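Here is target07.cif, consisting of mmCIF, C-alpha atoms and all ligand atoms:
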data_coords
#
loop_
_atom_site.label_atom_id
_atom_site.label_comp_id
_atom_site.auth_asym_id
_atom_site.auth_seq_id
_atom_site.Cartn_x
_atom_site.Cartn_y
_atom_site.Cartn_z
CA MET A 1 -45.67 139.92 57.59
CA ARG A 2 -47.49 136.86 58.88
CA MET A 3 -49.36 137.70 62.01
CA ILE A 4 -52.24 136.87 64.29
CA PHE A 5 -54.46 139.34 66.12
CA ILE A 6 -55.77 138.13 69.48
CA GLY A 7 -58.03 140.17 71.72
CA PRO A 8 -61.38 140.12 73.47
CA PRO A 9 -64.56 141.01 71.55
CA GLY A 10 -64.58 144.71 70.79
CA ALA A 11 -60.85 145.14 71.44
CA GLY A 12 -60.50 146.87 68.07
CA LYS A 13 -59.00 143.99 66.06
CA GLY A 14 -61.11 144.71 62.98
CA THR A 15 -60.63 148.48 63.26
CA GLN A 16 -56.85 148.23 63.54
CA ALA A 17 -56.51 145.41 60.99
CA ALA A 18 -58.18 147.59 58.35
CA ARG A 19 -55.50 150.24 58.91
CA LEU A 20 -52.59 147.79 58.98
CA VAL A 21 -53.37 145.74 55.87
CA GLU A 22 -52.82 148.85 53.75
CA ARG A 23 -49.49 149.47 55.37
CA TYR A 24 -48.26 145.88 55.03
CA ASN A 25 -50.17 145.09 51.82
CA ILE A 26 -51.44 141.73 53.07
CA PRO A 27 -54.93 140.23 53.26
CA HIS A 28 -57.02 140.65 56.41
CA ILE A 29 -58.52 137.26 57.25
CA SER A 30 -61.28 137.54 59.83
CA THR A 31 -63.07 134.27 60.58
CA GLY A 32 -65.95 136.29 62.06
CA ASP A 33 -66.32 138.19 58.76
CA MET A 34 -66.12 134.90 56.81
CA PHE A 35 -68.85 133.34 58.95
CA ARG A 36 -71.06 136.45 58.65
CA ALA A 37 -70.67 136.38 54.86
CA ALA A 38 -71.68 132.69 54.86
CA VAL A 39 -74.72 133.43 57.05
CA LYS A 40 -75.75 136.24 54.70
CA ALA A 41 -75.33 134.00 51.65
CA GLY A 42 -77.35 131.24 53.34
CA THR A 43 -74.71 128.56 52.69
CA ALA A 44 -74.46 125.29 54.64
CA LEU A 45 -71.48 126.75 56.52
CA GLY A 46 -73.53 129.83 57.43
CA LYS A 47 -76.40 127.71 58.71
CA LYS A 48 -74.01 125.73 60.89
CA ALA A 49 -72.26 128.84 62.25
CA GLN A 50 -75.31 130.99 62.89
CA GLU A 51 -76.65 129.37 66.04
CA TYR A 52 -73.26 129.44 67.76
CA MET A 53 -72.58 133.03 66.78
CA SER A 54 -75.86 134.47 67.94
CA ALA A 55 -75.41 132.72 71.31
CA GLY A 56 -71.92 134.20 71.58
CA GLN A 57 -70.31 130.75 71.52
CA LEU A 58 -67.43 129.53 69.40
CA VAL A 59 -68.16 127.69 66.16
CA PRO A 60 -66.79 124.10 66.45
CA ASP A 61 -63.09 123.66 65.68
CA GLU A 62 -63.60 121.15 62.87
CA VAL A 63 -65.61 123.72 60.90
CA THR A 64 -63.32 126.65 61.60
CA ILE A 65 -59.97 124.95 61.04
CA GLY A 66 -60.92 123.67 57.57
CA LEU A 67 -62.13 127.10 56.55
CA VAL A 68 -58.87 128.84 57.49
CA ARG A 69 -56.64 126.11 56.12
CA GLU A 70 -58.35 126.49 52.77
CA ARG A 71 -58.17 130.29 52.88
CA LEU A 72 -54.42 130.28 53.56
CA THR A 73 -53.76 128.27 50.39
CA GLN A 74 -55.10 131.13 48.24
CA SER A 75 -52.49 133.05 46.26
CA ASP A 76 -52.97 136.40 48.03
CA CYS A 77 -51.55 134.83 51.22
CA SER A 78 -48.23 133.89 49.65
CA ASP A 79 -46.43 137.03 50.89
CA GLY A 80 -48.19 137.37 54.22
CA PHE A 81 -51.49 137.55 56.04
CA MET A 82 -53.19 139.02 59.06
CA LEU A 83 -55.38 136.53 60.91
CA ASP A 84 -58.06 138.22 63.04
CA GLY A 85 -60.05 136.02 65.41
CA PHE A 86 -58.21 132.80 64.55
CA PRO A 87 -56.89 130.77 66.28
CA ARG A 88 -59.21 131.00 69.28
CA THR A 89 -58.70 127.59 70.88
CA ARG A 90 -55.72 125.34 71.58
CA PRO A 91 -56.73 122.82 68.86
CA GLN A 92 -56.97 125.70 66.35
CA ALA A 93 -53.50 126.95 67.33
CA GLU A 94 -52.04 123.47 66.99
CA ALA A 95 -53.74 122.87 63.64
CA LEU A 96 -52.45 126.19 62.33
CA GLU A 97 -48.93 125.37 63.43
CA ILE A 98 -49.05 122.01 61.64
CA ALA A 99 -50.44 123.59 58.45
CA LEU A 100 -47.81 126.35 58.42
CA GLU A 101 -44.97 123.94 59.14
CA ALA A 102 -46.09 121.72 56.27
CA SER A 103 -45.75 124.75 53.99
CA HIS A 104 -42.42 125.84 55.60
CA ILE A 105 -43.99 129.11 56.72
CA GLN A 106 -43.13 130.86 59.98
CA LEU A 107 -45.26 133.33 61.92
CA ASP A 108 -43.70 136.73 62.60
CA ALA A 109 -45.87 137.92 65.47
CA VAL A 110 -48.92 137.39 67.62
CA LEU A 111 -50.36 140.76 68.52
CA VAL A 112 -52.45 140.73 71.69
CA LEU A 113 -54.68 143.79 71.89
CA GLU A 114 -55.53 144.36 75.54
CA VAL A 115 -58.76 146.03 76.69
CA ALA A 116 -60.32 145.57 80.14
CA ASP A 117 -63.67 143.78 80.35
CA GLU A 118 -65.49 146.78 81.79
CA LEU A 119 -64.85 148.79 78.61
CA ILE A 120 -66.01 146.04 76.27
CA VAL A 121 -69.81 146.06 76.59
CA SER A 122 -70.19 149.74 75.68
CA ARG A 123 -67.90 149.28 72.66
CA ILE A 124 -69.94 146.30 71.49
CA VAL A 125 -73.49 147.59 71.93
CA GLY A 126 -72.64 150.90 70.22
CA ARG A 127 -70.90 149.34 67.21
CA ARG A 128 -72.41 149.79 63.74
CA SER A 129 -70.85 148.79 60.42
CA ASP A 130 -71.34 149.98 56.89
CA PRO A 131 -72.29 147.07 54.61
CA GLU A 132 -71.15 149.07 51.55
CA THR A 133 -67.62 149.90 52.66
CA GLY A 134 -67.03 147.51 55.58
CA GLU A 135 -66.13 150.52 57.74
CA ILE A 136 -66.60 150.00 61.49
CA TYR A 137 -68.15 152.83 63.51
CA HIS A 138 -69.29 153.45 67.05
CA LEU A 139 -72.30 155.65 67.75
CA GLN A 140 -70.37 157.50 70.43
CA PHE A 141 -66.65 156.77 70.00
CA GLN A 142 -66.33 156.74 66.16
CA PRO A 143 -69.51 158.49 65.02
CA PRO A 144 -70.59 157.75 61.44
CA PRO A 145 -71.42 160.53 58.95
CA ALA A 146 -75.09 161.48 59.35
CA ASP A 147 -76.01 160.65 55.73
CA ILE A 148 -75.11 156.94 56.02
CA VAL A 149 -76.67 156.19 59.42
CA SER A 150 -79.81 154.63 57.92
CA ARG A 151 -77.84 151.94 56.07
CA LEU A 152 -75.62 150.91 58.99
CA VAL A 153 -75.86 147.37 60.37
CA HIS A 154 -75.99 146.30 64.02
CA ARG A 155 -74.53 142.80 64.44
CA LYS A 156 -76.92 140.20 65.88
CA ASP A 157 -74.35 139.15 68.48
CA ASP A 158 -73.78 142.74 69.61
CA THR A 159 -76.30 142.56 72.45
CA GLU A 160 -75.18 142.88 76.06
CA GLU A 161 -76.13 139.25 76.75
CA ALA A 162 -74.26 137.76 73.77
CA CYS A 163 -71.31 140.04 74.53
CA ARG A 164 -71.03 138.59 78.05
CA SER A 165 -70.99 135.04 76.59
CA ARG A 166 -68.34 136.09 74.06
CA LEU A 167 -66.21 137.57 76.84
CA ALA A 168 -66.57 134.37 78.86
CA ALA A 169 -65.56 132.31 75.80
CA TYR A 170 -62.56 134.58 75.31
CA HIS A 171 -61.32 134.10 78.87
CA ALA A 172 -62.03 130.36 78.97
CA GLN A 173 -60.86 129.30 75.51
CA THR A 174 -58.83 132.01 73.77
CA ALA A 175 -56.72 133.80 76.39
CA PRO A 176 -55.21 130.42 77.42
CA ILE A 177 -53.56 130.09 73.98
CA ILE A 178 -51.41 133.18 74.58
CA PRO A 179 -48.84 131.12 76.58
CA PHE A 180 -48.63 128.73 73.60
CA TYR A 181 -47.27 131.66 71.56
CA ASP A 182 -45.26 133.06 74.50
CA ASP A 183 -43.35 129.78 74.43
CA ARG A 184 -42.53 130.49 70.77
CA ASN A 185 -41.44 134.06 71.60
CA LEU A 186 -44.01 135.60 69.25
CA VAL A 187 -46.28 137.58 71.58
CA ARG A 188 -46.42 141.40 71.48
CA ARG A 189 -48.86 142.95 73.94
CA VAL A 190 -50.39 146.30 73.05
CA ASP A 191 -52.71 148.52 75.08
CA GLY A 192 -55.94 148.82 73.06
CA VAL A 193 -57.31 151.82 74.96
CA GLY A 194 -56.95 155.35 73.59
CA GLU A 195 -57.07 157.18 70.26
CA LEU A 196 -57.13 154.97 67.17
CA ASP A 197 -54.01 156.60 65.67
CA ASN A 198 -52.06 156.11 68.89
CA ILE A 199 -53.01 152.44 69.00
CA THR A 200 -51.98 151.98 65.36
CA ASP A 201 -48.60 153.54 66.21
CA ARG A 202 -48.19 151.25 69.23
CA ILE A 203 -48.93 148.22 67.05
CA THR A 204 -46.54 149.19 64.26
CA SER A 205 -43.73 149.81 66.73
CA ALA A 206 -44.46 146.51 68.48
CA LEU A 207 -44.20 144.79 65.09
CA SER A 208 -41.01 146.50 63.95
P1 LIG B 301 -65.56 138.00 65.52
O1 LIG B 301 -66.22 138.68 64.40
O2 LIG B 301 -64.13 137.67 65.42
O3 LIG B 301 -65.87 138.82 66.83
P2 LIG B 301 -65.01 139.15 68.15
O4 LIG B 301 -63.73 138.44 68.32
O5 LIG B 301 -65.97 139.03 69.25
O6 LIG B 301 -64.49 140.55 67.88
P3 LIG B 301 -65.30 141.77 67.35
O7 LIG B 301 -65.33 141.72 65.85
O8 LIG B 301 -66.58 141.87 68.08
O9 LIG B 301 -64.38 142.95 67.86
P4 LIG B 301 -63.10 143.63 67.24
O10 LIG B 301 -61.95 143.35 68.15
O11 LIG B 301 -62.93 143.32 65.79
O12 LIG B 301 -63.51 145.15 67.46
P5 LIG B 301 -63.89 146.30 66.42
O13 LIG B 301 -62.67 146.80 65.73
O14 LIG B 301 -65.06 145.93 65.58
O15 LIG B 301 -66.34 136.64 65.83
C1 LIG B 301 -67.74 136.61 65.92
C2 LIG B 301 -68.21 135.18 66.21
O16 LIG B 301 -67.81 134.31 65.13
C3 LIG B 301 -67.62 134.52 67.46
O17 LIG B 301 -68.34 134.88 68.63
C4 LIG B 301 -67.78 133.04 67.10
O18 LIG B 301 -69.12 132.61 67.26
C5 LIG B 301 -67.46 133.03 65.62
N1 LIG B 301 -66.02 132.82 65.38
C6 LIG B 301 -65.17 133.69 64.75
N2 LIG B 301 -63.93 133.17 64.71
C7 LIG B 301 -63.99 131.96 65.31
C8 LIG B 301 -63.02 130.96 65.60
N3 LIG B 301 -61.72 131.11 65.25
N4 LIG B 301 -63.43 129.84 66.25
C9 LIG B 301 -64.71 129.66 66.59
N5 LIG B 301 -65.68 130.58 66.36
C10 LIG B 301 -65.31 131.72 65.73
O19 LIG B 301 -64.34 147.45 67.47
C11 LIG B 301 -65.46 147.26 68.29
C12 LIG B 301 -66.15 148.61 68.54
O20 LIG B 301 -65.29 149.42 69.34
C13 LIG B 301 -66.42 149.41 67.27
O21 LIG B 301 -67.65 150.08 67.40
C14 LIG B 301 -65.25 150.41 67.18
O22 LIG B 301 -65.62 151.59 66.51
C15 LIG B 301 -64.98 150.64 68.67
N6 LIG B 301 -63.55 150.91 68.93
C16 LIG B 301 -62.48 150.33 68.32
N7 LIG B 301 -61.33 150.84 68.84
C17 LIG B 301 -61.71 151.76 69.79
C18 LIG B 301 -60.99 152.60 70.67
N8 LIG B 301 -59.65 152.64 70.68
N9 LIG B 301 -61.71 153.39 71.52
C19 LIG B 301 -63.07 153.37 71.52
N10 LIG B 301 -63.80 152.59 70.70
C20 LIG B 301 -63.14 151.79 69.85
MG MG B 302 -63.93 142.10 64.40
#

Could you render the structure as structure tokens?
Ligand code: AP5
Ligand code: MG
Amino acid sequence: MRMIFIGPPGAGKGTQAARLVERYNIPHISTGDMFRAAVKAGTALGKKAQEYMSAGQLVPDEVTIGLVRERLTQSDCSDGFMLDGFPRTRPQAEALEIALEASHIQLDAVLVLEVADELIVSRIVGRRSDPETGEIYHLQFQPPPADIVSRLVHRKDDTEEACRSRLAAYHAQTAPIIPFYDDRNLVRRVDGVGELDNITDRITSALS
């Protein structure tokens, strides 16, 4: 399975990807997670990405494209991959297509997880993640066990203000690439509202 997850911030891409990679036994490649790891490690890439991320803007294409191209050459991607949060712009989509064609690899699906804007802010501001396990929680919708609450992390870009910028970036730059994949007959749209298990079922049937 070679697939792309597209959806607004807080749509549940990371939550659902964690469930699906076990099922399909493929790596989950989240550019957001890669940038956050680089910020945490204090690398040159992290320093470059940080200012864009905290403002809720996209990191420049030339940085992002190189990062993903390199990641896809690693051996764990040879039987499939799940891209989460990439591509997010038309140049990224075109660069990915060129890279995959050069390796004679075809995409199987582009999964668009749909959640209305008015539900997004509350999902984002209530999100917490566990740095030890990577598990994603929500203070209200996916409450964490009480004994781990003190170690949970609140993302810097999970403020209401940054969330609104991220939503604007999604509508201006990312949603317009969906027709690019519609033209290639790859798009599967899935309703991202409801119980997590139901959404996982909707995704697996959309992919089958
Ligand atoms: P990234 O990390 O990709 O953030 P995002 O796209 O904004 O998406 P999120 O991770 O916020 O949401 P998600 O869909 O994964 O939702 P989650 O499952 O966590 O990117 C961050 C930044 O990095 C970007 O802003 C940009 O600066 C940069 N960047 C990354 N990729 C880039 C690229 N390609 N080009 C340029 N820049 C790039 O769920 C959210 C919350 O909702 C959780 O609390 C969860 O518990 C809850 N939840 C999940 N499902 C449900 C449900 N069904 N009902 C109720 N609550 C739910
Ligand atoms: Mg995510």

Self-check item: All residues having an atom within 8 Å of ligand MG 302 (chain B) (only C-alpha atoms and all ligand atoms) as number ranges by chain
Solution: A: 9-10, 12-15, 30, 32-33, 84-85

Practice problem: For atom C12 of ligand LIG 301 (chain B) and atom CA of His138 of chain A, determine how far apart the two atoms are, in Å to one decimal place. | Solution: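 Distance reported for this atom pair: 6.0 Å.
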
Quiz prompt | Neighbour list for segment 140-151 of chain A as number ranges by chain, cut-off 8 Å, all atoms listed in the file, skip fewer than 2 positions in-chain | solution = A: 126, 130-131, 137-138, 153

Emit the selected residues as a compact mmCIF listing (two decimals), in the frame of the given file, including C-alpha atoms.
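So again07.txt came out as:
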# COMPACT_ATOMS: atom_id res chain seq x y z
CA GLY A 126 -72.64 150.90 70.22
CA ASP A 130 -71.34 149.98 56.89
CA PRO A 131 -72.29 147.07 54.61
CA TYR A 137 -68.15 152.83 63.51
CA HIS A 138 -69.29 153.45 67.05
CA VAL A 153 -75.86 147.37 60.37

Quiz item: Which residue out of A:Pro91, A:Gly80, A:Pro179, A:Gly56 has the minimum interatomic distance to Ile4 of chain A when only C-alpha atoms are used?
Solution: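 Of A:Pro91, A:Gly80, A:Pro179, A:Gly56, the one nearest Ile4 of chain A, counting only C-alpha atoms, is A:Gly80.
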
Quiz item: If you count all atoms listed in the file, which residues fall within 8 Å of Pro27 of chain A, apart from same-chain ones fewer than 4 positions away, as an MDAnalysis selection string?
Solution: chainID A and resid 21 76:77 80:82

Exercise. For segment 205-207 of chain A, list every protein, DNA or RNA residue within 9 Å, evaluated using all atoms listed in the file, and leave out those in the same chain fewer than 5 positions away; present the list as a list in words.
Key: Asp108, Ala109, Leu111, Arg188, Arg189, Val190 and Thr200 of chain A

Quiz item: Which value, in Å to one decimal, gives the distance between atom CA of Gln92 of chain A and atom C2 of ligand LIG 301 (chain B)?
Solution: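 The value is 14.7 Å.
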
Using all atoms listed in the file, which protein or nucleic acid residues come within 10 Å of segment 41-49 of chain A? Drop anything in the same chain fewer than 2 positions from it, and give the result as a PDB file with C-alpha atoms, in the coordinates of the input.
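Result file is part-v4.pdb:
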ATOM      1  CA  GLY A  32     -65.950 136.290  62.060  1.00  0.00           C
ATOM      2  CA  MET A  34     -66.120 134.900  56.810  1.00  0.00           C
ATOM      3  CA  PHE A  35     -68.850 133.340  58.950  1.00  0.00           C
ATOM      4  CA  ARG A  36     -71.060 136.450  58.650  1.00  0.00           C
ATOM      5  CA  ALA A  37     -70.670 136.380  54.860  1.00  0.00           C
ATOM      6  CA  ALA A  38     -71.680 132.690  54.860  1.00  0.00           C
ATOM      7  CA  VAL A  39     -74.720 133.430  57.050  1.00  0.00           C
ATOM      8  CA  GLU A  51     -76.650 129.370  66.040  1.00  0.00           C
ATOM      9  CA  TYR A  52     -73.260 129.440  67.760  1.00  0.00           C
ATOM     10  CA  MET A  53     -72.580 133.030  66.780  1.00  0.00           C
ATOM     11  CA  SER A  54     -75.860 134.470  67.940  1.00  0.00           C
ATOM     12  CA  GLN A  57     -70.310 130.750  71.520  1.00  0.00           C
ATOM     13  CA  LEU A  58     -67.430 129.530  69.400  1.00  0.00           C
ATOM     14  CA  VAL A  59     -68.160 127.690  66.160  1.00  0.00           C
ATOM     15  CA  PRO A  60     -66.790 124.100  66.450  1.00  0.00           C
ATOM     16  CA  VAL A  63     -65.610 123.720  60.900  1.00  0.00           C
ATOM     17  CA  THR A  64     -63.320 126.650  61.600  1.00  0.00           C
ATOM     18  CA  LEU A  67     -62.130 127.100  56.550  1.00  0.00           C
TER      19      LEU A  67
END

Quiz item: So how far away is atom N7 of ligand LIG 301 (chain B) from atom CA of Gln16 of chain A, in Å?
Solution: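 Taking atom CA of Gln16 of chain A as the start and atom N7 of ligand LIG 301 (chain B) as the end point, the length is 7.4 Å.
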
Exercise. Go through A:Leu196, A:Ala162, A:Ala169, A:Leu20 and flag the residue nearest ligand LIG 301 (chain B), using all atoms listed in the file for the distances.
Key: A:Leu196

Quiz item: Looking at all atoms listed in the file, which of A:Glu132, A:Glu94, A:Asp117, A:Asp61 is the one that sits closest to ligand LIG 301 (chain B)?
Solution: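 The closest residue to ligand LIG 301 (chain B) is A:Asp61.
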
Could you write out as JSON the box around segment 43-57 of chain A (axis-aligned, all atoms listed in the file, 5 Å on each side), with centre and edge lengths in Å to one decimal?
{"center_x": -73.5, "center_y": 129.9, "center_z": 62.1, "size_x": 16.3, "size_y": 19.2, "size_z": 28.9}

Exercise. Can you work out which one of A:Gly7, A:Arg71, A:Ala93, A:Glu62 has the shortest atom-to-atom distance to ligand LIG 301 (chain B), counting only C-alpha atoms and all ligand atoms?
Key: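 That would be A:Gly7, the residue with the smallest distance to ligand LIG 301 (chain B).
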
Exercise. Show which residues sit within 10 Å of Arg69 of chain A, as a ChimeraX atom specification. Count only C-alpha atoms, and ignore same-chain residues fewer than 2 positions away.
Key: /A:64-67,71-74,95-96,99-100

Would you write out those residues with C-alpha atoms, as an mmCIF file, in the frame of the given file?
data_model
loop_
_atom_site.group_PDB
_atom_site.id
_atom_site.type_symbol
_atom_site.label_atom_id
_atom_site.label_comp_id
_atom_site.auth_asym_id
_atom_site.auth_seq_id
_atom_site.Cartn_x
_atom_site.Cartn_y
_atom_site.Cartn_z
ATOM 1 C CA THR A 64 -63.320 126.650 61.600
ATOM 2 C CA ILE A 65 -59.970 124.950 61.040
ATOM 3 C CA GLY A 66 -60.920 123.670 57.570
ATOM 4 C CA LEU A 67 -62.130 127.100 56.550
ATOM 5 C CA ARG A 71 -58.170 130.290 52.880
ATOM 6 C CA LEU A 72 -54.420 130.280 53.560
ATOM 7 C CA THR A 73 -53.760 128.270 50.390
ATOM 8 C CA GLN A 74 -55.100 131.130 48.240
ATOM 9 C CA ALA A 95 -53.740 122.870 63.640
ATOM 10 C CA LEU A 96 -52.450 126.190 62.330
ATOM 11 C CA ALA A 99 -50.440 123.590 58.450
ATOM 12 C CA LEU A 100 -47.810 126.350 58.420
#

Quiz prompt | Selected residue of minimal separation from Ile136 of chain A among A:Ile120, A:Val187, A:Ile105, A:Leu152, counting all atoms listed in the file | solution = A:Leu152

Exercise. Identify which of the residues A:Ala116, A:Ile6, A:Ile203, A:Ile98 lies closest to ligand LIG 301 (chain B), counting all atoms listed in the file when measuring atom-to-atom distances.
Key: A:Ile6

Can you patch up segment 124-151 of chain A, filling it in to N, CA and C atoms, and show the result as a short mmCIF file (atom, residue, chain, number, x, y, z; two decimals), in the coordinates of the input?
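Contents of out01.cif, freshly written:
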data_model
loop_
_atom_site.label_atom_id
_atom_site.label_comp_id
_atom_site.auth_asym_id
_atom_site.auth_seq_id
_atom_site.Cartn_x
_atom_site.Cartn_y
_atom_site.Cartn_z
N ILE A 124 -69.20 147.27 72.30
CA ILE A 124 -69.94 146.30 71.49
C ILE A 124 -71.36 146.78 71.18
N VAL A 125 -72.08 147.25 72.20
CA VAL A 125 -73.49 147.59 71.93
C VAL A 125 -73.62 148.85 71.06
N GLY A 126 -72.58 149.69 71.04
CA GLY A 126 -72.64 150.90 70.22
C GLY A 126 -72.05 150.73 68.83
N ARG A 127 -71.54 149.53 68.52
CA ARG A 127 -70.90 149.34 67.21
C ARG A 127 -71.94 149.29 66.09
N ARG A 128 -71.61 149.91 64.97
CA ARG A 128 -72.41 149.79 63.74
C ARG A 128 -71.40 149.63 62.61
N SER A 129 -71.77 148.87 61.57
CA SER A 129 -70.85 148.79 60.42
C SER A 129 -71.57 149.10 59.13
N ASP A 130 -70.78 149.57 58.19
CA ASP A 130 -71.34 149.98 56.89
C ASP A 130 -71.22 148.81 55.93
N PRO A 131 -72.36 148.23 55.50
CA PRO A 131 -72.29 147.07 54.61
C PRO A 131 -71.70 147.41 53.24
N GLU A 132 -71.69 148.70 52.87
CA GLU A 132 -71.15 149.07 51.55
C GLU A 132 -69.63 149.16 51.56
N THR A 133 -69.07 149.69 52.64
CA THR A 133 -67.62 149.90 52.66
C THR A 133 -66.90 148.97 53.65
N GLY A 134 -67.65 148.34 54.54
CA GLY A 134 -67.03 147.51 55.58
C GLY A 134 -66.52 148.32 56.76
N GLU A 135 -66.64 149.63 56.67
CA GLU A 135 -66.13 150.52 57.74
C GLU A 135 -66.84 150.22 59.07
N ILE A 136 -66.05 150.24 60.15
CA ILE A 136 -66.60 150.00 61.49
C ILE A 136 -66.73 151.33 62.21
N TYR A 137 -67.92 151.59 62.76
CA TYR A 137 -68.15 152.83 63.51
C TYR A 137 -68.60 152.51 64.92
N HIS A 138 -68.67 153.56 65.73
CA HIS A 138 -69.29 153.45 67.05
C HIS A 138 -70.14 154.70 67.23
N LEU A 139 -71.38 154.51 67.69
CA LEU A 139 -72.30 155.65 67.75
C LEU A 139 -71.74 156.80 68.56
N GLN A 140 -70.93 156.47 69.58
CA GLN A 140 -70.37 157.50 70.43
C GLN A 140 -68.89 157.73 70.18
N PHE A 141 -68.11 156.63 70.05
CA PHE A 141 -66.65 156.77 70.00
C PHE A 141 -66.08 157.02 68.60
N GLN A 142 -66.77 156.50 67.55
CA GLN A 142 -66.33 156.74 66.16
C GLN A 142 -67.58 157.07 65.36
N PRO A 143 -68.19 158.22 65.60
CA PRO A 143 -69.51 158.49 65.02
C PRO A 143 -69.51 158.47 63.49
N PRO A 144 -70.50 157.82 62.90
CA PRO A 144 -70.59 157.75 61.44
C PRO A 144 -71.12 159.06 60.87
N PRO A 145 -70.82 159.35 59.58
CA PRO A 145 -71.42 160.53 58.95
C PRO A 145 -72.94 160.40 58.94
N ALA A 146 -73.63 161.52 59.18
CA ALA A 146 -75.09 161.48 59.35
C ALA A 146 -75.81 160.87 58.14
N ASP A 147 -75.27 161.10 56.92
CA ASP A 147 -76.01 160.65 55.73
C ASP A 147 -75.95 159.14 55.50
N ILE A 148 -75.14 158.40 56.25
CA ILE A 148 -75.11 156.94 56.02
C ILE A 148 -75.74 156.16 57.18
N VAL A 149 -76.20 156.88 58.21
CA VAL A 149 -76.67 156.19 59.42
C VAL A 149 -77.78 155.18 59.11
N SER A 150 -78.66 155.51 58.17
CA SER A 150 -79.81 154.63 57.92
C SER A 150 -79.41 153.29 57.29
N ARG A 151 -78.23 153.22 56.67
CA ARG A 151 -77.84 151.94 56.07
C ARG A 151 -76.91 151.11 56.96
#
